[in-house]
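Beneath this line is the structure, given in structure tokens, with notes to follow.
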Amino acid sequence: MSAEPADPMDTLRLLAAGLVLQHQACARGAILDARDDRGRTLTPKLLLRAQARLSRLQIASGNLARADSLHQLVVDCTRPLGDWAPDALLDGHEDLAELVLIDPGVRSPTPECVSLGQEGQNLADLKENLWFDKLRETLRAVPLAQSRADAYTRLRRFIVAHPAATQAELDSLIRELDALTLLPLLGPLVHEMYPPLAGGSEGPVARCGHCGSLVETGDPPHCTSARCREEHPDVHLRDWVDPAQLRVLRGELVLYWVNPGRDELRLYQALKEHRDDVTLYPNQDEVDLGLGGEREIGLDLKDYASMPTLARRFQRELGDLAFYRRGIVVVTDRGTRVRGEARRDQLREKFAELRIPLEVMTVHDVLSTFGRPA
Ligand SMILES: [Zn+2]
């Protein structure tokens, strides 16, 4: 066996990049572990290299069988690294034990996974979210900046409330957007974001009354959004929909826009009760919330599970928060308020260590600091 001197962190980045590429291939219709007509593997090379390295680490730690199967590896990645990764992988990086690379609910790489994949320059051309770019690009045809901003915010708000939407709801959204942009512009993009429900379903399907996701009507019935189940253990149905009329938001948009979006909207509404200088997604989403005058205070909500990964993302690039006089990263609780505070403290510590010039607050900190008239 050739001893490729593999830095564990490097292996992790390789794995993350491989998973993102595999997900993109699956989104184009490929299946995991597919072969071409000459029997050659179509699995992304990065994923195979990551698997080989992991396999060596497993063998070195005496666990012979674990990493032989690509399917097993992908299933493993839906659980925290600490549960399955060989010890050597987390050696010196114990703070990554809670990291999950694939979201088990929407079966899409998590934001942390994409972020790690980019670190190793393995995914240099992958934008953290290509949908932002597509939307901004499409809106460029609208001459009036205010109309662009209004259409942008309207679409984002609709998406947060509709992880699954009926054709009629989409039609009415598109009419509204066309009226804002004065051009029939966003229809094709909206349909691209909402492909039809895959796989035939017998009879009507249910949507969740809390978040609008599909409800799995097994016994007991449960919302398909893991984040929603965390917040609302009880099931509550919004309505029943004919599956032929149903379209479902793409998984990556659920992770990037819907999950953090619920907190963004809640915080926006809470602040709005106390002050009128708060803007949602100012300048087409430079930041999530703007407060005060032009580029005075910028708030970005982050729902990452892993604070070290989030810190490294800002180390790589400060992003548009850097344009604001005060740039504040707001971490979600992901559970209790105490948990949120622990996450805040961990991120503050990392920011200090990496000399990242941004503030960190919890949602509650923001409300107690800014939730009164300016
Ligand atoms: Zn729900």
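Every chain in the structure tokens has a letter given in the order shown (A, B, ...), and although residue numbers restart at 1 in each chain, ligands are simply numbered from 1 in the order shown.
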
- Task: Tell me, as a PyMOL selection string, which residues lie within 12 Å of stretch 68-79 of chain A, counting only C-alpha atoms; anything in the same chain fewer than 6 positions away does not count.
- Result: chain A and resi 12+15-16+18-20+22-23+31-34+41+43-44+47-59+85-86+97-110+113

- Going by DSSP on the backbone, which bits of stretch 120-353 of chain A are strand (DSSP E or B)? Write them as an MDAnalysis selection string, please. chainID A and resid 164:166 196 205:208 214:216 222:223 237:241 246:248 278:280 289:291 297:302 326:331

Expected file: the selected residues, N, CA and C atoms, as a short mmCIF file (atom, residue, chain, number, x, y, z; two decimals), in the first residue's frame:
data_model
loop_
_atom_site.label_atom_id
_atom_site.label_comp_id
_atom_site.auth_asym_id
_atom_site.auth_seq_id
_atom_site.Cartn_x
_atom_site.Cartn_y
_atom_site.Cartn_z
N ALA A 164 -43.12 23.47 -0.40
CA ALA A 164 -43.87 22.78 -1.44
C ALA A 164 -45.00 23.73 -1.85
N ALA A 165 -45.24 23.84 -3.17
CA ALA A 165 -46.24 24.81 -3.63
C ALA A 165 -47.12 24.18 -4.69
N THR A 166 -48.37 24.63 -4.77
CA THR A 166 -49.24 24.15 -5.84
C THR A 166 -48.99 25.00 -7.09
N PRO A 196 -41.61 19.38 -10.51
CA PRO A 196 -42.78 18.62 -10.07
C PRO A 196 -42.38 17.56 -9.05
N VAL A 205 -51.64 14.53 -1.16
CA VAL A 205 -50.55 14.57 -0.18
C VAL A 205 -50.78 15.77 0.75
N ALA A 206 -50.24 15.64 1.98
CA ALA A 206 -50.51 16.66 2.99
C ALA A 206 -49.33 17.60 3.14
N ARG A 207 -49.65 18.87 3.47
CA ARG A 207 -48.59 19.84 3.79
C ARG A 207 -48.68 20.23 5.26
N CYS A 208 -47.51 20.56 5.81
CA CYS A 208 -47.41 20.87 7.24
C CYS A 208 -47.95 22.27 7.53
N LEU A 214 -43.89 18.91 2.97
CA LEU A 214 -44.75 17.75 2.86
C LEU A 214 -44.77 17.01 4.19
N VAL A 215 -45.89 16.37 4.47
CA VAL A 215 -46.02 15.56 5.68
C VAL A 215 -46.05 14.09 5.27
N GLU A 216 -45.20 13.32 5.94
CA GLU A 216 -45.18 11.87 5.71
C GLU A 216 -46.33 11.30 6.53
N HIS A 222 -45.51 12.61 10.25
CA HIS A 222 -44.53 13.61 10.68
C HIS A 222 -44.12 14.51 9.52
N CYS A 223 -43.76 15.74 9.86
CA CYS A 223 -43.30 16.70 8.86
C CYS A 223 -41.97 16.23 8.31
N LEU A 237 -51.70 19.75 10.20
CA LEU A 237 -51.80 19.76 8.74
C LEU A 237 -52.30 21.09 8.21
N ARG A 238 -51.65 21.60 7.16
CA ARG A 238 -52.13 22.83 6.53
C ARG A 238 -53.25 22.49 5.57
N ASP A 239 -52.98 21.56 4.63
CA ASP A 239 -54.00 21.19 3.65
C ASP A 239 -53.60 19.91 2.93
N TRP A 240 -54.50 19.42 2.10
CA TRP A 240 -54.24 18.26 1.24
C TRP A 240 -54.18 18.74 -0.20
N VAL A 241 -53.21 18.22 -0.97
CA VAL A 241 -53.01 18.72 -2.32
C VAL A 241 -52.95 17.56 -3.30
N LEU A 246 -48.67 19.50 -7.58
CA LEU A 246 -47.71 19.88 -6.56
C LEU A 246 -46.29 20.01 -7.12
N ARG A 247 -45.59 21.05 -6.69
CA ARG A 247 -44.18 21.20 -7.06
C ARG A 247 -43.40 21.42 -5.78
N VAL A 248 -42.18 20.86 -5.76
CA VAL A 248 -41.44 20.83 -4.50
C VAL A 248 -40.11 21.57 -4.67
N VAL A 278 -35.59 49.00 9.54
CA VAL A 278 -35.05 47.66 9.29
C VAL A 278 -35.47 47.20 7.90
N THR A 279 -34.52 46.66 7.15
CA THR A 279 -34.77 46.20 5.78
C THR A 279 -34.44 44.73 5.67
N LEU A 280 -35.32 44.00 4.99
CA LEU A 280 -35.07 42.58 4.74
C LEU A 280 -34.30 42.45 3.43
N LEU A 289 -30.41 41.25 7.02
CA LEU A 289 -31.15 42.39 7.55
C LEU A 289 -30.24 43.60 7.65
N GLY A 290 -30.75 44.75 7.25
CA GLY A 290 -30.01 45.99 7.42
C GLY A 290 -30.73 46.84 8.47
N LEU A 291 -29.97 47.53 9.31
CA LEU A 291 -30.54 48.40 10.34
C LEU A 291 -29.91 49.77 10.23
N ILE A 297 -25.70 49.04 9.90
CA ILE A 297 -25.56 47.77 10.63
C ILE A 297 -26.06 46.64 9.74
N GLY A 298 -25.24 45.64 9.51
CA GLY A 298 -25.64 44.49 8.69
C GLY A 298 -25.69 43.24 9.55
N LEU A 299 -26.79 42.49 9.42
CA LEU A 299 -26.94 41.26 10.18
C LEU A 299 -27.04 40.08 9.22
N ASP A 300 -26.28 39.03 9.48
CA ASP A 300 -26.38 37.81 8.69
C ASP A 300 -26.69 36.65 9.61
N LEU A 301 -27.82 35.99 9.39
CA LEU A 301 -28.16 34.82 10.20
C LEU A 301 -27.46 33.59 9.66
N LYS A 302 -26.89 32.81 10.56
CA LYS A 302 -26.23 31.58 10.13
C LYS A 302 -26.75 30.41 10.95
N ARG A 326 -21.07 48.18 11.10
CA ARG A 326 -21.05 47.07 12.07
C ARG A 326 -21.55 45.82 11.36
N GLY A 327 -20.72 44.83 11.26
CA GLY A 327 -21.13 43.56 10.66
C GLY A 327 -21.35 42.54 11.76
N ILE A 328 -22.55 41.98 11.81
CA ILE A 328 -22.88 41.08 12.92
C ILE A 328 -23.35 39.72 12.38
N VAL A 329 -22.69 38.67 12.82
CA VAL A 329 -23.13 37.32 12.49
C VAL A 329 -24.08 36.87 13.60
N VAL A 330 -25.29 36.49 13.21
CA VAL A 330 -26.29 36.06 14.19
C VAL A 330 -26.43 34.55 14.12
N VAL A 331 -26.09 33.84 15.20
CA VAL A 331 -26.21 32.38 15.16
C VAL A 331 -27.58 31.97 15.70
#

- Kindly indicate which residue among A:Ala161, A:Ala270, A:Leu354, A:Val190 lies nearest to ligand 1, using only C-alpha atoms and all ligand atoms for the distances.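 For ligand 1, the nearest of the candidates is A:Ala161.
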
Report as CSV: every residue of chain A with an atom at most 10 Å from ligand 1, its closest pair of atoms, and their distance in Å to one decimal, counting only C-alpha atoms and all ligand atoms, with rows sorted by chain and ascending residue number.
residue,atom,partner,partner_atom_place_in_ligand_line,distance
A:Pro163,CA,ligand 1,1 (Zn),9.4
A:Arg207,CA,ligand 1,1 (Zn),7.7
A:Cys208,CA,ligand 1,1 (Zn),4.6
A:Gly209,CA,ligand 1,1 (Zn),6.5
A:His210,CA,ligand 1,1 (Zn),4.9
A:Cys211,CA,ligand 1,1 (Zn),4.1
A:Gly212,CA,ligand 1,1 (Zn),5.9
A:Ser213,CA,ligand 1,1 (Zn),5.3
A:Leu214,CA,ligand 1,1 (Zn),7.4
A:Val215,CA,ligand 1,1 (Zn),7.3
A:His222,CA,ligand 1,1 (Zn),8.0
A:Cys223,CA,ligand 1,1 (Zn),4.6
A:Thr224,CA,ligand 1,1 (Zn),6.6
A:Ser225,CA,ligand 1,1 (Zn),5.5
A:Ala226,CA,ligand 1,1 (Zn),8.0
A:Arg227,CA,ligand 1,1 (Zn),7.8
A:Cys228,CA,ligand 1,1 (Zn),4.6
A:Arg229,CA,ligand 1,1 (Zn),6.4
A:Glu230,CA,ligand 1,1 (Zn),9.4
A:Glu231,CA,ligand 1,1 (Zn),8.8
A:His232,CA,ligand 1,1 (Zn),7.6
A:Pro233,CA,ligand 1,1 (Zn),9.4
A:Asp234,CA,ligand 1,1 (Zn),9.5
A:Val235,CA,ligand 1,1 (Zn),7.7
A:His236,CA,ligand 1,1 (Zn),8.0
A:Leu237,CA,ligand 1,1 (Zn),8.7
A:Arg238,CA,ligand 1,1 (Zn),9.4

Long-range neighbours of A:Glu264 as a PDB file with N, CA and C atoms, in the first residue's frame, 7 Å cut-off, only C-alpha atoms, 4 positions minimum in chain:
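As a result, result-v1.pdb now contains:
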ATOM      1  N   PRO A 260     -32.759  28.855   7.156  1.00  0.00           N
ATOM      2  CA  PRO A 260     -32.392  30.118   7.797  1.00  0.00           C
ATOM      3  C   PRO A 260     -33.473  31.181   7.589  1.00  0.00           C
ATOM      4  N   TYR A 268     -36.920  39.693  11.490  1.00  0.00           N
ATOM      5  CA  TYR A 268     -37.337  40.903  10.778  1.00  0.00           C
ATOM      6  C   TYR A 268     -38.643  41.431  11.353  1.00  0.00           C
ATOM      7  N   ASP A 288     -28.687  39.751   5.351  1.00  0.00           N
ATOM      8  CA  ASP A 288     -30.071  39.338   5.573  1.00  0.00           C
ATOM      9  C   ASP A 288     -30.937  40.501   6.046  1.00  0.00           C
ATOM     10  N   LEU A 301     -27.822  35.989   9.386  1.00  0.00           N
ATOM     11  CA  LEU A 301     -28.162  34.818  10.205  1.00  0.00           C
ATOM     12  C   LEU A 301     -27.460  33.588   9.660  1.00  0.00           C
TER      13      LEU A 301
END

- Task: Do a neighbour search on A:Glu112 at 10 Å with only C-alpha atoms, toss out local chain neighbours closer than 5 positions, and write the hits as a list of chain:residue names.
- Result: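 Once the nearby chain positions are removed, what remains is A:Ala16, A:Leu99, A:Val100, A:Leu101, A:Ile102, A:Gly117, A:Gln118, A:Asp303, A:Tyr304, A:Ala305, A:Ser306, A:Met307, A:Pro308, A:Thr309, A:Leu310, A:Arg312, A:Arg313.
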
- One-decimal distance in Å that lies between atom CA of A:Arg266 and atom CA of A:Val160: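 Computing the Euclidean distance for atom CA of A:Val160 and atom CA of A:Arg266 yields 11.0 Å.
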
- Do you know which residues are at most 12 Å from A:Asp171 counting only C-alpha atoms, after dropping those on the same chain fewer than 5 positions away, and could you put them as a ChimeraX atom specification? /A:165-166,176-178,184,186-188,190-191,194,245,247

Generate the output file for the selected residues, C-alpha atoms, as a CSV table (one decimal), in the first residue's frame.
chain,number,residue,atom,x,y,z
A,165,ALA,CA,-46.2,24.8,-3.6
A,166,THR,CA,-49.2,24.2,-5.8
A,176,GLU,CA,-47.3,39.3,-8.9
A,177,LEU,CA,-43.6,39.2,-9.8
A,178,ASP,CA,-44.3,40.2,-13.4
A,184,PRO,CA,-42.6,38.4,-17.7
A,186,LEU,CA,-39.1,35.2,-13.4
A,187,GLY,CA,-41.5,32.5,-14.4
A,188,PRO,CA,-38.9,30.1,-15.9
A,190,VAL,CA,-39.4,29.9,-10.5
A,191,HIS,CA,-40.3,26.7,-12.3
A,194,TYR,CA,-39.8,24.1,-8.1
A,245,GLN,CA,-50.6,19.9,-9.0
A,247,ARG,CA,-44.2,21.2,-7.1

- Can you work out which one of A:Gln167, A:Leu182, A:Leu116, A:Arg339 has the shortest atom-to-atom distance to A:Leu144, counting only C-alpha atoms? A:Leu182

- Message: Report, in Å with one decimal, the straight-line distance from atom CA of A:Ser368 to atom CA of A:Gly340.
- Response: 14.8 Å

- How many Å separate atom CA of A:Arg157 from atom CA of A:Leu185?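 So the two atoms, atom CA of A:Arg157 and atom CA of A:Leu185, lie 17.8 Å apart.
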
- Message: So that I can see what lies close to A:Ile159, please list as a list in words the residues with an atom at most 9 Å from it, counting only C-alpha atoms and leaving out residues fewer than 3 positions away in the same chain.
- Response: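 My reading of the contact set: Arg154, Leu155, Arg156, His162, Pro163, Ala164, Ala165, Leu249, Leu253, Val254, Trp257, Val258 and Gly261 of chain A.
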
- Item | helix (DSSP H, G or I) per DSSP on the backbone: members of stretch 30-229 of chain A, as number ranges by chain | A: 45-60, 66-68, 70-76, 81-84, 87-90, 94-96, 111-119, 130-139, 145-161, 167-181, 187-193, 226-229

- Query: Near A:Ala149, within 10 Å and counting only C-alpha atoms, which residues show up once chain neighbours fewer than 3 positions away are dropped, as an NGL selection string?
  - Reply: :A and (136 or 139 or 142 or 144-146 or 152-154 or 180-181 or 280-285)

With C-alpha atoms retained, write the just-selected residues as an mmCIF file, in the first residue's frame.
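To be explicit, this is the file written out as selection00.cif:
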data_model
loop_
_atom_site.group_PDB
_atom_site.id
_atom_site.type_symbol
_atom_site.label_atom_id
_atom_site.label_comp_id
_atom_site.auth_asym_id
_atom_site.auth_seq_id
_atom_site.Cartn_x
_atom_site.Cartn_y
_atom_site.Cartn_z
ATOM 1 C CA ARG A 136 -29.660 38.452 -9.598
ATOM 2 C CA LEU A 139 -33.294 40.588 -12.399
ATOM 3 C CA VAL A 142 -35.206 45.265 -14.695
ATOM 4 C CA LEU A 144 -35.499 50.198 -11.699
ATOM 5 C CA ALA A 145 -33.424 49.271 -8.636
ATOM 6 C CA GLN A 146 -36.433 49.460 -6.323
ATOM 7 C CA TYR A 152 -36.159 39.769 -5.016
ATOM 8 C CA THR A 153 -37.624 40.097 -1.535
ATOM 9 C CA ARG A 154 -41.096 38.972 -2.640
ATOM 10 C CA LEU A 180 -43.361 44.235 -10.034
ATOM 11 C CA THR A 181 -40.768 43.855 -12.777
ATOM 12 C CA LEU A 280 -35.073 42.583 4.736
ATOM 13 C CA TYR A 281 -32.410 41.420 2.227
ATOM 14 C CA PRO A 282 -31.181 44.973 1.432
ATOM 15 C CA ASN A 283 -29.592 45.551 -1.994
ATOM 16 C CA GLN A 284 -30.727 42.122 -3.202
ATOM 17 C CA ASP A 285 -29.403 40.277 -0.255
#

- Message: Could you check the closest approach to A:Glu349 for each of A:Leu135, A:Ala311, A:Leu89, A:Leu265 and tell me which residue wins, using only C-alpha atoms?
- Response: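 That would be A:Ala311, the residue with the smallest distance to A:Glu349.
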